[in-house]
Structures are given as structure tokens and as C-alpha cells.
There are 2 protein chains.
Amino acid sequence: MSKSKQPTIIDVASEAGVSIATVSNVLNRRKVPMAPETIRKVEEAIVRLGYRRNVMATNLSRRRSYELGLIIPHFGGYYGRFAESLEQKVHRFGYHLSVFSAAGMDPEIEQRHLEHLLQRRVDGLVSHGLAMSMKSTQQLVGGGTPLVIFNGWGWPEEIVQLAVNLDFAKASAQAVRSFLNNGCRSVIYVGKSNGMGANDQRIQGFLSGLGNDSEPVVHALLDVSELGVARTLDEALRLSGECRPIGIYTFNDALALEILALCHERGIRVPEDVQLIGMDNELYSKASFPAITSFDMPVDLQTSLVAAFLMKQIGEDLDEESTLLLEEHLPRAIGHELLIDLDMIVRKSTIA
Amino acid sequence: MSKSKQPTIIDVASEAGVSIATVSNVLNRRKVPMAPETIRKVEEAIVRLGYRRNVMATNLSRRRSYELGLIIPHFGGYYGRFAESLEQKVHRFGYHLSVFSAAGMDPEIEQRHLEHLLQRRVDGLVSHGLAMSMKSTQQLVGGGTPLVIFNGWGWPEEIVQLAVNLDFAKASAQAVRSFLNNGCRSVIYVGKSNGMGANDQRIQGFLSGLGNDSEPVVHALLDVSELGVARTLDEALRLSGECRPIGIYTFNDALALEILALCHERGIRVPEDVQLIGMDNELYSKASFPAITSFDMPVDLQTSLVAAFLMKQIGEDLDEESTLLLEEHLPRAIGHELLIDLDMIVRKSTIA
DNA sequence: CTGTTAGCGCTTTCAC
DNA sequence: GTGAAAGCGCTAACAG
């Protein structure tokens, strides 16, 4: 590679007839006073040579990277939106965000990415509730790189500085109650056992929504990762017997949509026979037929909180907006876990 | 930050009682022969200290980063799948892939990411057909960083080493012919003017599919970015008059789905009154009702080609599989543009 | 087999 | 205002 041809600060210096220190000065526009003439000369030399600063050298010298890392299970749907939103947020603070996908919840890949980011000496890390063992704690704790997670429960404070979580439990309880109010005589949760903490939260909420007084209604927890979607629906139907309508609450909209497709195939009417509630409020849940009731994810609030908190940890000055945001939410945290409410978007899959 | 506490190779050396060169040697497992005892001592020191190599220093010294950069318009759907697939592919060659989203086709953000990646001295770059001006060419050409794009047309070879494109034109022609075969008396293309080259390709194919002999069939090109989806459908209906069924071919599945939803709302029957063909073969096009006919994107083939080509450019040894792949496809390239076929997946939105 | 040393490209005192 | 020089953490000859 003609890589070696990349001009350096030395080339610029000699081209401009100044010292490299001076070049560095104009590059970093420090408070150092400089002759406008000098500045001009340097700037001209820079364009003439097509000089481009070498970030590795810069960071090495500064002992700071102005880089943040994000690890998500995949790029689609909610996670993709999260990444995009966070990228913009941290950009306002002058940071870059490198995004890596952990290929579904693969702990190994997760770890590989984390390690790499750490080796790159990013200034901060954010990740979904990790699938890997908490033992990897050591690595993180070792280098004081701040780590904040989103939608992860039960992580010790020594590892994770903050967890910005969505209140799936509350939402799930609301979903169940909504089914009951709509006259459902059977309610089923269709979860994904590989959904980690997010699945547990839903289950917990689902159960609490049924009430302590063990309502006289058919109910069950199914696991689609185990049964597959077709057999899951079979099972839901079987368990419900004659009890109609059946309320099916799914781990996410993608799942709800698949079940909806199956219902169409088998002539099961939605919402007359089966009512459906999903999670994520994906574009297609609005555009499906019938449209699917779902919960909207406040991605923007979540990323704002993550960004603000991380910036503060890193020692960046916060603008007023971020400061207020933190002041409003942080006190409500349980330990270091923040809980954010979800809004239910009622659509045709639950109302006649 | 306790950042400064991060142990360095020097700490490891003294902890192990050897020189830093030795540490570096065991770290990089070079062909250099070493006493097993020495290796053990060093490795122990490494874990004891929780040493983590500083990639910036390493890269600076090696003048090589083993990093690749990918820029996509957003993380969702096809692009997200592309990113995930490419990440895995290059990983096999020992490379990391940093993914950045250009926030929809924003040329400014695109440029910012590109510049950043270049400053980070990545070994190679891949991007969707860029939205930014070709003038930015200078920057890229300057540092001999190889750039390959996917789904970008008309980029000069001086800028782009290779373009791995999907044959949207051919697919579009096929879509049209399929409509005609199914008895459509009106065929409409609903495109997105901000779809760049990909949209142009579709238009071109759409027109050629109609045949040179200007078939006696109603046809039109509509632009949803301009009209919005509701008015686009109105327009399609108006233009078609009594000619049924109408074949509507959309830029992508997301758009097809929205139109489908509108049809349901207005009692327009699919496929009796309107037939629909999308593009991307998203999960939801299979699970929608009726399921939407679409074109499947051979993401895996595309990323394999991109990865193989890039590795070759960088001077990495290719495994046999990659070599064969390149030998099979490269000769078919038109200039430096490769064209890959799409498969039409026929579903209920086009057949009764 | 192991250690010395000269960089990699840039930042940052601290004199001049 | 500007420049000389000492690192930042690591690699890669080259001696020994």
C-alpha cells in the first residue's frame, strides 16, 4: 500500500516552513496566540498536501480517544433505532460511536467486541443487558472505563455504572389487564427464553397483572424458542379450550405478526377469537392487518439518558438540558437501575 | 479517570523480569523461538496485572489497523443484515468492522464518518452508494485506502475499486412482466426519489420491462417521497381508471406494506383489484396478509464478494473459497461494477 | 533465545 | 509567537 505516502505533521511543518509544534497548535486551535500569517501558511500547506491527522497518534498522545462503543444483539428494529439515536446524541458532545453487533445474544462475540473496544481505549461503553458471564467483570473494572447498559437487570454496581431500563414488567401487567377488561377468558404470554432479563421482566409483569387473587381465567406462559411459533399457537388454542376470546401477549411485534399470519391462515379471527398485543411498536405493527396493539419504546429518552450520564462520567461539561434530564431521572433510580415507562398503543388487534 | 493506571507492556516486562521486547514477542507469537519458561512468566504477569494491549499504540507502530469501516444509511432491514453479515465475514480474516449509520442519506454525516474512518487509518472502507458529492474523491484517493461500494452506480474507478451491485433493473423488469402475465391492465412503479441510484435502476428496469413496443397498458412512475403514500395510492387509482387489476411495484417492502394497509382500509382487494410486488424480502412481507411478493436480497453473496475483494486489495491471503468466488464473479463485471441477480419470491399479493 | 534501540505521528511543557 | 524535546505504548530490526 502507498500507505506510507500519507503526509504527516512533519511534512506539513516543512512545507509551511514552521515547526511541528506550530502545526499542532493551529490544528488544535488552542488558546495559544499565533500570528495570523502563520496560521494561513499552515492551513495552506495542509490542503496542498492533503494532510489528514492520524487519530491513533493523536489519541495515544492525548491518552483519550473521544470514542464510545456500543454493543447490541443485532441491528434491526429497536436496537437499530437505539444505535442511530445514540450516535446522534453523543455526536453533539464531539464523540464518535462505533457500533458492533453481537450476532444475536452470542456471549463469545459479545466478549470479543467488548475486549476490542477496551483495547481501543474507548472513553465509554454502552451495551444491552449482556449475555456473557459477569466474570468478564474483571476486565471492565480493571480499566476504569465507564459502562452503562440498557435493558439489563441485576448487574452489580461494580461492573455497571448505570442501567437504563424499560419497564417491561409494568407494561406486561398493563397488557394483561387490558385483555381482561376486553373480556378475554384466557390470557397467554408467548416469550423467548433467550430474551434474557427482558423476558423475565415480562413474565413477572404478566403474572402480577393477573392479580394475586388468582383470577378465574385460563392463563399460561409459553416459550416460542422451544416450541416454534406454529406449535405455540396450537398449544395456546388447546389450553384455552372453549374460552374465548384468547389474549395473546408476545415478546415482541415480530412474534405477534407471525402469530397473526398463522391466524389468517387458519381462519382464526382477530380480534374476535384472538386478541394480540406485541411490544416494540415496529413500523409493520401499524401497517399490518389488523394493526397490532403494541408498546412504544421511548428510544430517544433512553439514549438521552445514556449519553448524558456517560458524558458526565467521562467528565464532559453537560448542557443544561442534559443536566436537567439527569436531575429529573436519577433520583428515581432503584440502586443504579432506572426504569422508564412504556406507552401502550391500542390498535385493531385488541378492539372490535 | 484512573485511566492512567492501565498497565503497559513495561509493567508486564518488569513484573515478569524480562525486557519489553520479549513481552512483545510472546504477545505477537512470532516465529521467534522462545523458552517456554519465559512465555509462562510473561503470560502470568499479564493476567496478574490485568494487562490489556493498547491498540492505538500497536497500530501506530505497525502502520496497520486491521480495522475496516462500513457506512450505511441506516441500521434497519437490508442494510442491517448486510452489516451483520459483513462483520462476520471479515472477522474470519482477523479484521474488525466498525459500522456507522449515515442517518438516512445525509451527505454531511456520511462525509463526517468517512473522514473519521480515514483518520483512524482503517485498512479498507465499504459503503453504500454514497450520497455525497464525488468531489470527496480527493480525500479518499489521497490516502490509498481501498474503497468498495455496494449498490452504487457510476462511480469512477479512481475512487471506487469495486461496486457490488444488485441487479435492480433486471428484477424490476421481471416484476413488470409478472404483472402483465398475471393480467394486470395497469402497472405502476412507486419509487423514492431519495433512493439514489437504486431508484434509477428500478425505473430503468420498470420501463424496459414494459417492452419497447409500448404495450397498450396503463403505466406510470410515482414518487412517494413527494406525494406521501396515501396520495400515491390515490394517484395510482386515478390513473388506472377502470383498468384492473392494477400492478403496483414498490421501492421496497416497507412501502408495499403501507400500501397494503391502505388497501385494507379502503376495501380494495389484494390481489383481485391490486397486485403488489415489493423488494427486500423483509420478514414481515412473508407474515403480512396477504403475504407480499418480493425479491430476496443475496446479502451473503454480496458480503462475501466485498470481503474477499477487500482482503485481496489489502494484501491478505485468500482462502480457496474466496479465491474461487472472485474468479467466478470478477470476470463478469462491467468495468468495475458487479451485478448480482435477485430472486423473486412469489406470494399471495400477486396470485389469487 | 533475549535485550537495546530507533521509530510510528502527534501533543505538550518549557525555554527562547 | 515559535520551536526543541520529552514522551504516549508498542513493534521490529539488530545485536549479543
# chains A, B, ... in the order shown; residues from 1 in each chain; ligands from 1
$ interface_residues --of "chain A" --to "chain B" --cutoff "6 Å" --atoms "only C-alpha atoms" --output "VMD selection string"
chain A and resid 2 to 3 6 53 to 56 75 to 76 80 98 to 99 119 to 120 143 to 144 258 261 287
$ write_last_selection --atoms "N, CA and C atoms" --output "short mmCIF file (atom, residue, chain, number, x, y, z; two decimals), in the first residue's frame"
data_model
loop_
_atom_site.label_atom_id
_atom_site.label_comp_id
_atom_site.auth_asym_id
_atom_site.auth_seq_id
_atom_site.Cartn_x
_atom_site.Cartn_y
_atom_site.Cartn_z
N SER A 2 0.39 2.24 -0.71
CA SER A 2 1.12 3.52 -0.71
C SER A 2 0.80 4.26 0.59
N LYS A 3 0.39 3.47 1.54
CA LYS A 3 0.03 3.98 2.85
C LYS A 3 1.11 4.91 3.40
N GLN A 6 1.15 8.77 3.10
CA GLN A 6 0.30 9.70 3.83
C GLN A 6 1.17 10.76 4.51
N ARG A 53 -4.96 14.16 9.70
CA ARG A 53 -4.48 13.80 11.03
C ARG A 53 -4.61 12.31 11.31
N ASN A 54 -3.64 11.75 11.94
CA ASN A 54 -3.67 10.34 12.33
C ASN A 54 -4.23 10.21 13.73
N VAL A 55 -5.46 9.74 13.78
CA VAL A 55 -6.16 9.68 15.05
C VAL A 55 -5.46 8.79 16.08
N MET A 56 -4.83 7.74 15.60
CA MET A 56 -4.18 6.84 16.55
C MET A 56 -3.05 7.55 17.29
N PHE A 75 -28.80 -5.41 14.51
CA PHE A 75 -29.02 -4.04 14.05
C PHE A 75 -30.49 -3.71 13.80
N GLY A 76 -31.32 -4.73 13.81
CA GLY A 76 -32.71 -4.50 13.40
C GLY A 76 -33.56 -3.83 14.46
N GLY A 80 -31.53 -1.16 16.41
CA GLY A 80 -31.02 -0.30 15.36
C GLY A 80 -31.41 1.15 15.61
N SER A 98 -18.84 3.77 17.82
CA SER A 98 -18.66 2.59 16.98
C SER A 98 -19.65 1.53 17.42
N VAL A 99 -20.39 1.03 16.48
CA VAL A 99 -21.44 0.07 16.81
C VAL A 99 -21.06 -1.34 16.38
N GLN A 119 -9.53 -2.45 24.21
CA GLN A 119 -8.17 -2.32 23.71
C GLN A 119 -8.00 -1.04 22.90
N ARG A 120 -9.09 -0.63 22.36
CA ARG A 120 -9.03 0.61 21.60
C ARG A 120 -9.10 1.80 22.53
N GLY A 143 -9.73 -1.64 33.80
CA GLY A 143 -9.55 -0.32 33.23
C GLY A 143 -10.79 0.48 33.56
N GLY A 144 -10.64 1.59 34.19
CA GLY A 144 -11.81 2.33 34.68
C GLY A 144 -12.73 2.88 33.61
N GLU A 258 -46.13 -12.84 13.29
CA GLU A 258 -46.12 -14.24 12.82
C GLU A 258 -47.36 -14.98 13.27
N ALA A 261 -50.22 -13.93 11.22
CA ALA A 261 -50.22 -14.58 9.91
C ALA A 261 -50.81 -15.99 10.01
N ALA A 287 -48.90 -1.13 10.22
CA ALA A 287 -49.33 -1.36 8.84
C ALA A 287 -49.81 -2.78 8.58
#
$ closest_atom_pairs --of "chain C" --to "chain B" --cutoff "12 Å" --atoms "only C-alpha atoms (C1' of nucleotides)" --output "CSV"
residue,atom,partner,partner_atom,distance
C:DC1,C1',B:Met34,CA,5.6
C:DT2,C1',B:Thr22,CA,6.7
C:DG3,C1',B:Ser19,CA,6.1
C:DT4,C1',B:Ala21,CA,9.1
C:DT5,C1',B:Ala21,CA,10.5
C:DA6,C1',B:Ser61,CA,11.7
C:DG7,C1',B:Ser61,CA,8.1
C:DC8,C1',B:Ser61,CA,4.5
C:DG9,C1',B:Leu60,CA,7.6
C:DC10,C1',B:Leu60,CA,10.7
$ write_last_selection --atoms "N, CA and C atoms (P, O5', C5', C4', C3', O3' and C1' of nucleotides)" --output "short mmCIF file (atom, residue, chain, number, x, y, z; two decimals), in the first residue's frame"
data_model
loop_
_atom_site.label_atom_id
_atom_site.label_comp_id
_atom_site.auth_asym_id
_atom_site.auth_seq_id
_atom_site.Cartn_x
_atom_site.Cartn_y
_atom_site.Cartn_z
P DC C 1 15.06 -22.02 21.85
"O5'" DC C 1 15.24 -20.49 22.21
"C5'" DC C 1 14.73 -20.03 23.41
"C4'" DC C 1 15.60 -18.90 23.88
"C3'" DC C 1 14.78 -17.65 24.22
"O3'" DC C 1 14.98 -17.38 25.61
"C1'" DC C 1 16.74 -17.11 22.99
P DT C 2 13.99 -16.50 26.40
"O5'" DT C 2 14.71 -15.08 26.34
"C5'" DT C 2 15.91 -14.90 27.08
"C4'" DT C 2 16.49 -13.55 26.76
"C3'" DT C 2 15.57 -12.36 27.04
"O3'" DT C 2 16.25 -11.54 27.99
"C1'" DT C 2 16.65 -12.13 24.96
P DG C 3 15.50 -10.33 28.67
"O5'" DG C 3 16.31 -9.11 28.06
"C5'" DG C 3 17.72 -9.06 28.23
"C4'" DG C 3 18.32 -8.00 27.34
"C3'" DG C 3 17.73 -6.61 27.55
"O3'" DG C 3 18.81 -5.68 27.54
"C1'" DG C 3 17.59 -7.20 25.26
P DT C 4 18.57 -4.20 28.02
"O5'" DT C 4 19.28 -3.37 26.86
"C5'" DT C 4 19.82 -4.06 25.73
"C4'" DT C 4 20.25 -3.04 24.69
"C3'" DT C 4 19.84 -1.60 24.94
"O3'" DT C 4 20.79 -0.75 24.33
"C1'" DT C 4 18.69 -2.41 23.04
P DT C 5 20.62 0.83 24.34
"O5'" DT C 5 19.79 1.06 22.99
"C5'" DT C 5 20.32 0.56 21.76
"C4'" DT C 5 19.42 0.99 20.62
"C3'" DT C 5 18.87 2.42 20.74
"O3'" DT C 5 18.91 3.02 19.46
"C1'" DT C 5 17.10 0.93 20.39
P DA C 6 19.02 4.57 19.34
"O5'" DA C 6 18.35 4.80 17.91
"C5'" DA C 6 18.55 3.84 16.88
"C4'" DA C 6 17.26 3.67 16.09
"C3'" DA C 6 16.53 5.00 15.80
"O3'" DA C 6 16.05 4.95 14.47
"C1'" DA C 6 15.06 3.53 16.86
P DG C 7 15.51 6.26 13.78
"O5'" DG C 7 14.48 6.83 14.87
"C5'" DG C 7 13.21 7.29 14.47
"C4'" DG C 7 12.35 6.14 13.94
"C3'" DG C 7 10.91 6.59 13.70
"O3'" DG C 7 10.44 6.10 12.46
"C1'" DG C 7 10.98 4.85 15.33
P DC C 8 9.48 6.96 11.61
"O5'" DC C 8 8.04 6.49 12.09
"C5'" DC C 8 7.49 5.23 11.72
"C4'" DC C 8 6.12 5.15 12.32
"C3'" DC C 8 5.43 6.50 12.38
"O3'" DC C 8 4.45 6.56 11.34
"C1'" DC C 8 5.26 5.31 14.49
P DG C 9 4.44 7.85 10.39
"O5'" DG C 9 3.56 8.87 11.22
"C5'" DG C 9 2.21 8.55 11.52
"C4'" DG C 9 1.69 9.51 12.56
"C3'" DG C 9 1.88 10.98 12.21
"O3'" DG C 9 0.63 11.63 12.38
"C1'" DG C 9 2.71 10.55 14.37
P DC C 10 0.44 13.16 12.26
"O5'" DC C 10 0.35 13.55 13.81
"C5'" DC C 10 -0.70 12.95 14.57
"C4'" DC C 10 -0.53 13.28 16.02
"C3'" DC C 10 -0.56 14.77 16.36
"O3'" DC C 10 -1.64 15.03 17.25
"C1'" DC C 10 1.23 13.68 17.45
#
$ closest_atom_pairs --of "chain D" --to "chain B" --cutoff "7 Å" --atoms "only C-alpha atoms (C1' of nucleotides)" --output "Markdown table"
| residue | atom | partner | partner_atom | distance |
| --- | --- | --- | --- | --- |
| D:DG9 | C1' | B:Ala57 | CA | 5.0 |
| D:DC10 | C1' | B:Thr58 | CA | 5.0 |
| D:DT11 | C1' | B:Ser61 | CA | 5.6 |
$ write_last_selection --atoms "N, CA, C and O atoms (P, O5', C5', C4', C3', O3' and C1' of nucleotides)" --output "PDB file, in the first residue's frame"
ATOM      1  P    DG D   9       1.283   5.192  28.420  1.00  0.00           P
ATOM      2  O5'  DG D   9       1.365   3.962  27.412  1.00  0.00           O
ATOM      3  C5'  DG D   9       0.250   3.660  26.597  1.00  0.00           C
ATOM      4  C4'  DG D   9       0.669   2.670  25.536  1.00  0.00           C
ATOM      5  C3'  DG D   9       1.384   1.428  26.077  1.00  0.00           C
ATOM      6  O3'  DG D   9       0.733   0.291  25.554  1.00  0.00           O
ATOM      7  C1'  DG D   9       2.636   2.405  24.338  1.00  0.00           C
ATOM      8  P    DC D  10       1.321  -1.163  25.661  1.00  0.00           P
ATOM      9  O5'  DC D  10       2.012  -1.321  24.257  1.00  0.00           O
ATOM     10  C5'  DC D  10       1.188  -1.251  23.095  1.00  0.00           C
ATOM     11  C4'  DC D  10       2.023  -1.293  21.846  1.00  0.00           C
ATOM     12  C3'  DC D  10       2.818  -2.586  21.667  1.00  0.00           C
ATOM     13  O3'  DC D  10       2.365  -3.234  20.498  1.00  0.00           O
ATOM     14  C1'  DC D  10       4.145  -0.656  21.227  1.00  0.00           C
ATOM     15  P    DT D  11       2.972  -4.678  20.129  1.00  0.00           P
ATOM     16  O5'  DT D  11       3.967  -4.285  18.964  1.00  0.00           O
ATOM     17  C5'  DT D  11       3.432  -3.637  17.808  1.00  0.00           C
ATOM     18  C4'  DT D  11       4.532  -3.388  16.813  1.00  0.00           C
ATOM     19  C3'  DT D  11       5.276  -4.630  16.326  1.00  0.00           C
ATOM     20  O3'  DT D  11       5.484  -4.439  14.944  1.00  0.00           O
ATOM     21  C1'  DT D  11       6.811  -3.090  17.211  1.00  0.00           C
TER      22       DT D  11
END
$ atom_distance --atom1 "atom CA of Asn182 of chain B" --atom2 "atom CA of Leu166 of chain B"
25.1 Å
$ atom_distance --atom1 "atom CA of Ala220 of chain A" --atom2 "atom CA of Asp343 of chain A"
24.1 Å
$ select_by_dssp --residues "segment 39-259 of chain A" --states "strand (DSSP E or B)" --output "NGL selection string"
:A and (67-72 or 96-101 or 124-128 or 147-150 or 162-166 or 186-191 or 218-223 or 246-250)
$ write_last_selection --atoms "N, CA and C atoms" --output "short mmCIF file (atom, residue, chain, number, x, y, z; two decimals), in the first residue's frame"
data_model
loop_
_atom_site.label_atom_id
_atom_site.label_comp_id
_atom_site.auth_asym_id
_atom_site.auth_seq_id
_atom_site.Cartn_x
_atom_site.Cartn_y
_atom_site.Cartn_z
N GLU A 67 -13.97 8.42 21.74
CA GLU A 67 -14.69 7.34 21.07
C GLU A 67 -15.53 6.62 22.11
N LEU A 68 -16.71 6.24 21.70
CA LEU A 68 -17.57 5.43 22.55
C LEU A 68 -17.90 4.16 21.80
N GLY A 69 -18.20 3.11 22.52
CA GLY A 69 -18.54 1.85 21.87
C GLY A 69 -19.94 1.42 22.25
N LEU A 70 -20.65 0.84 21.30
CA LEU A 70 -21.98 0.32 21.59
C LEU A 70 -22.07 -1.12 21.10
N ILE A 71 -22.58 -1.97 21.95
CA ILE A 71 -22.78 -3.36 21.56
C ILE A 71 -24.25 -3.71 21.66
N ILE A 72 -24.80 -4.19 20.57
CA ILE A 72 -26.20 -4.59 20.54
C ILE A 72 -26.32 -5.98 19.93
N HIS A 96 -17.54 10.01 18.89
CA HIS A 96 -17.94 9.06 17.86
C HIS A 96 -18.42 7.79 18.52
N LEU A 97 -19.32 7.12 17.83
CA LEU A 97 -19.84 5.88 18.38
C LEU A 97 -19.62 4.74 17.40
N SER A 98 -18.84 3.77 17.82
CA SER A 98 -18.66 2.59 16.98
C SER A 98 -19.65 1.53 17.42
N VAL A 99 -20.39 1.03 16.48
CA VAL A 99 -21.44 0.07 16.81
C VAL A 99 -21.06 -1.34 16.38
N PHE A 100 -21.23 -2.26 17.28
CA PHE A 100 -20.95 -3.65 16.96
C PHE A 100 -22.16 -4.52 17.29
N SER A 101 -22.39 -5.48 16.46
CA SER A 101 -23.50 -6.39 16.71
C SER A 101 -22.99 -7.71 17.26
N GLY A 124 -15.86 5.30 26.79
CA GLY A 124 -17.03 4.79 27.47
C GLY A 124 -17.71 3.70 26.66
N LEU A 125 -18.47 2.88 27.36
CA LEU A 125 -19.11 1.75 26.71
C LEU A 125 -20.59 1.71 27.02
N VAL A 126 -21.37 1.32 26.05
CA VAL A 126 -22.76 1.05 26.35
C VAL A 126 -23.14 -0.25 25.66
N SER A 127 -23.97 -0.98 26.34
CA SER A 127 -24.34 -2.29 25.82
C SER A 127 -25.74 -2.67 26.28
N HIS A 128 -26.34 -3.56 25.55
CA HIS A 128 -27.60 -4.14 26.01
C HIS A 128 -27.27 -5.03 27.20
N LEU A 147 -19.13 1.90 32.06
CA LEU A 147 -20.03 1.06 31.27
C LEU A 147 -21.47 1.31 31.70
N VAL A 148 -22.32 1.64 30.75
CA VAL A 148 -23.74 1.71 31.09
C VAL A 148 -24.48 0.75 30.18
N ILE A 149 -25.48 0.11 30.74
CA ILE A 149 -26.23 -0.84 29.94
C ILE A 149 -27.68 -0.39 29.84
N PHE A 150 -28.36 -0.94 28.88
CA PHE A 150 -29.80 -0.65 28.78
C PHE A 150 -30.53 -1.97 28.69
N LEU A 162 -24.56 2.32 35.41
CA LEU A 162 -25.97 2.67 35.33
C LEU A 162 -26.68 1.71 34.36
N ALA A 163 -27.92 1.42 34.69
CA ALA A 163 -28.74 0.61 33.78
C ALA A 163 -29.98 1.42 33.45
N VAL A 164 -30.16 1.71 32.18
CA VAL A 164 -31.33 2.46 31.75
C VAL A 164 -32.33 1.49 31.16
N ASN A 165 -33.28 1.10 31.97
CA ASN A 165 -34.19 0.02 31.58
C ASN A 165 -35.60 0.48 31.25
N LEU A 166 -36.22 -0.25 30.37
CA LEU A 166 -37.63 -0.01 30.09
C LEU A 166 -38.44 -0.86 31.06
N SER A 186 -59.09 -16.10 28.49
CA SER A 186 -57.83 -16.83 28.55
C SER A 186 -56.73 -15.87 28.13
N VAL A 187 -55.64 -15.83 28.90
CA VAL A 187 -54.54 -14.94 28.52
C VAL A 187 -53.23 -15.72 28.53
N ILE A 188 -52.47 -15.52 27.47
CA ILE A 188 -51.25 -16.30 27.29
C ILE A 188 -50.08 -15.38 27.00
N TYR A 189 -48.98 -15.68 27.63
CA TYR A 189 -47.76 -14.95 27.28
C TYR A 189 -46.88 -15.84 26.43
N VAL A 190 -46.47 -15.32 25.30
CA VAL A 190 -45.56 -16.06 24.43
C VAL A 190 -44.20 -15.39 24.48
N GLY A 191 -43.29 -16.00 25.19
CA GLY A 191 -41.98 -15.40 25.40
C GLY A 191 -40.85 -16.09 24.67
N VAL A 218 -58.17 -18.70 32.43
CA VAL A 218 -57.09 -19.55 31.92
C VAL A 218 -55.88 -18.68 31.63
N HIS A 219 -54.71 -19.13 31.99
CA HIS A 219 -53.52 -18.38 31.65
C HIS A 219 -52.32 -19.31 31.57
N ALA A 220 -51.34 -18.88 30.81
CA ALA A 220 -50.17 -19.75 30.64
C ALA A 220 -48.98 -18.97 30.11
N LEU A 221 -47.81 -19.54 30.36
CA LEU A 221 -46.57 -18.98 29.82
C LEU A 221 -46.03 -19.97 28.80
N LEU A 222 -45.87 -19.51 27.58
CA LEU A 222 -45.33 -20.39 26.54
C LEU A 222 -43.96 -19.87 26.10
N ASP A 223 -43.17 -20.76 25.53
CA ASP A 223 -41.84 -20.33 25.11
C ASP A 223 -41.62 -20.68 23.64
N ILE A 246 -59.23 -15.27 23.29
CA ILE A 246 -57.94 -15.54 23.91
C ILE A 246 -57.06 -14.31 23.75
N GLY A 247 -56.43 -13.89 24.82
CA GLY A 247 -55.50 -12.77 24.71
C GLY A 247 -54.09 -13.30 24.62
N ILE A 248 -53.41 -13.00 23.53
CA ILE A 248 -52.03 -13.46 23.41
C ILE A 248 -51.08 -12.26 23.43
N TYR A 249 -50.23 -12.28 24.41
CA TYR A 249 -49.25 -11.21 24.57
C TYR A 249 -47.89 -11.78 24.19
N THR A 250 -47.22 -11.13 23.25
CA THR A 250 -45.97 -11.70 22.73
C THR A 250 -44.75 -10.90 23.14
#
$ select_by_dssp --residues "segment 5-148 of chain A" --states "alpha helix (DSSP H)" --output "VMD selection string"
chain A and resid 9 to 16 20 to 27 36 to 49 55 to 62 77 to 91 107 to 119 137 to 142
$ residues_around --residues "DG7 of chain D" --least-positions-apart "2" --cutoff "10 Å" --atoms "only C-alpha atoms (C1' of nucleotides)" --output "list of chain:residue names"
A:Ser61, C:DT11, C:DT12, D:DA5
$ atom_distance --atom1 "atom CA of Asn181 of chain B" --atom2 "atom CA of Ile268 of chain B"
21.0 Å
$ residues_around --residues "Glu37 of chain B" --least-positions-apart "6" --cutoff "12 Å" --atoms "only C-alpha atoms (C1' of nucleotides)" --output "list in words"
Ala16, Gly17, Val18, Val26, Glu43 and Glu44 of chain B; DC1 of chain C
$ write_last_selection --atoms "N, CA, C and O atoms (P, O5', C5', C4', C3', O3' and C1' of nucleotides)" --output "PDB file, in the first residue's frame"
ATOM      1  N   ALA B  16       7.476  -9.519  35.011  1.00  0.00           N
ATOM      2  CA  ALA B  16       7.919 -10.844  34.604  1.00  0.00           C
ATOM      3  C   ALA B  16       9.435 -10.972  34.649  1.00  0.00           C
ATOM      4  O   ALA B  16       9.986 -12.051  34.470  1.00  0.00           O
ATOM      5  N   GLY B  17      10.083  -9.855  34.833  1.00  0.00           N
ATOM      6  CA  GLY B  17      11.530  -9.877  34.888  1.00  0.00           C
ATOM      7  C   GLY B  17      12.185 -10.123  33.538  1.00  0.00           C
ATOM      8  O   GLY B  17      13.189 -10.800  33.417  1.00  0.00           O
ATOM      9  N   VAL B  18      11.561  -9.582  32.501  1.00  0.00           N
ATOM     10  CA  VAL B  18      12.157  -9.697  31.161  1.00  0.00           C
ATOM     11  C   VAL B  18      12.124  -8.320  30.503  1.00  0.00           C
ATOM     12  O   VAL B  18      11.688  -7.352  31.107  1.00  0.00           O
ATOM     13  N   VAL B  26       6.081 -12.509  22.940  1.00  0.00           N
ATOM     14  CA  VAL B  26       5.083 -13.519  23.304  1.00  0.00           C
ATOM     15  C   VAL B  26       3.688 -13.033  22.933  1.00  0.00           C
ATOM     16  O   VAL B  26       2.832 -13.821  22.538  1.00  0.00           O
ATOM     17  N   GLU B  43       3.112 -14.590  30.470  1.00  0.00           N
ATOM     18  CA  GLU B  43       1.662 -14.774  30.467  1.00  0.00           C
ATOM     19  C   GLU B  43       1.079 -14.614  31.862  1.00  0.00           C
ATOM     20  O   GLU B  43       0.008 -14.042  32.042  1.00  0.00           O
ATOM     21  N   GLU B  44       1.786 -15.111  32.814  1.00  0.00           N
ATOM     22  CA  GLU B  44       1.308 -14.965  34.195  1.00  0.00           C
ATOM     23  C   GLU B  44       1.287 -13.502  34.612  1.00  0.00           C
ATOM     24  O   GLU B  44       0.335 -13.023  35.218  1.00  0.00           O
TER      25      GLU B  44
ATOM     26  P    DC C   1      15.062 -22.018  21.854  1.00  0.00           P
ATOM     27  O5'  DC C   1      15.238 -20.487  22.210  1.00  0.00           O
ATOM     28  C5'  DC C   1      14.726 -20.030  23.408  1.00  0.00           C
ATOM     29  C4'  DC C   1      15.605 -18.903  23.884  1.00  0.00           C
ATOM     30  C3'  DC C   1      14.778 -17.647  24.223  1.00  0.00           C
ATOM     31  O3'  DC C   1      14.980 -17.378  25.613  1.00  0.00           O
ATOM     32  C1'  DC C   1      16.741 -17.110  22.985  1.00  0.00           C
TER      33       DC C   1
END
$ residues_around --residues "DC16 of chain C" --least-positions-apart "6" --cutoff "10 Å" --atoms "only C-alpha atoms (C1' of nucleotides)" --output "list of chain:residue names"
D:DT2, D:DG3, D:DA4
$ write_last_selection --atoms "N, CA and C atoms (P, O5', C5', C4', C3', O3' and C1' of nucleotides)" --output "tab-separated table (two decimals), in the first residue's frame"
chain	number	residue	atom	x	y	z
D	2	DT	P	3.98	32.65	15.09
D	2	DT	O5'	5.14	31.72	15.64
D	2	DT	C5'	6.49	32.12	15.40
D	2	DT	C4'	7.43	31.17	16.06
D	2	DT	C3'	7.34	29.72	15.56
D	2	DT	O3'	8.57	29.42	14.93
D	2	DT	C1'	7.54	29.83	17.93
D	3	DG	P	8.79	28.05	14.17
D	3	DG	O5'	9.69	27.27	15.21
D	3	DG	C5'	10.93	27.84	15.60
D	3	DG	C4'	11.56	27.00	16.70
D	3	DG	C3'	11.69	25.51	16.36
D	3	DG	O3'	12.95	25.07	16.83
D	3	DG	C1'	10.50	25.77	18.37
D	4	DA	P	13.62	23.78	16.33
D	4	DA	O5'	14.44	23.30	17.60
D	4	DA	C5'	14.52	24.12	18.76
D	4	DA	C4'	14.85	23.28	19.98
D	4	DA	C3'	15.24	21.84	19.71
D	4	DA	O3'	16.13	21.42	20.73
D	4	DA	C1'	13.17	21.87	20.83
$ residues_around --residues "Leu342 of chain B" --least-positions-apart "4" --cutoff "12 Å" --atoms "only C-alpha atoms (C1' of nucleotides)" --output "NGL selection string"
:B and (165-175 or 279-281 or 294-299 or 301-302)
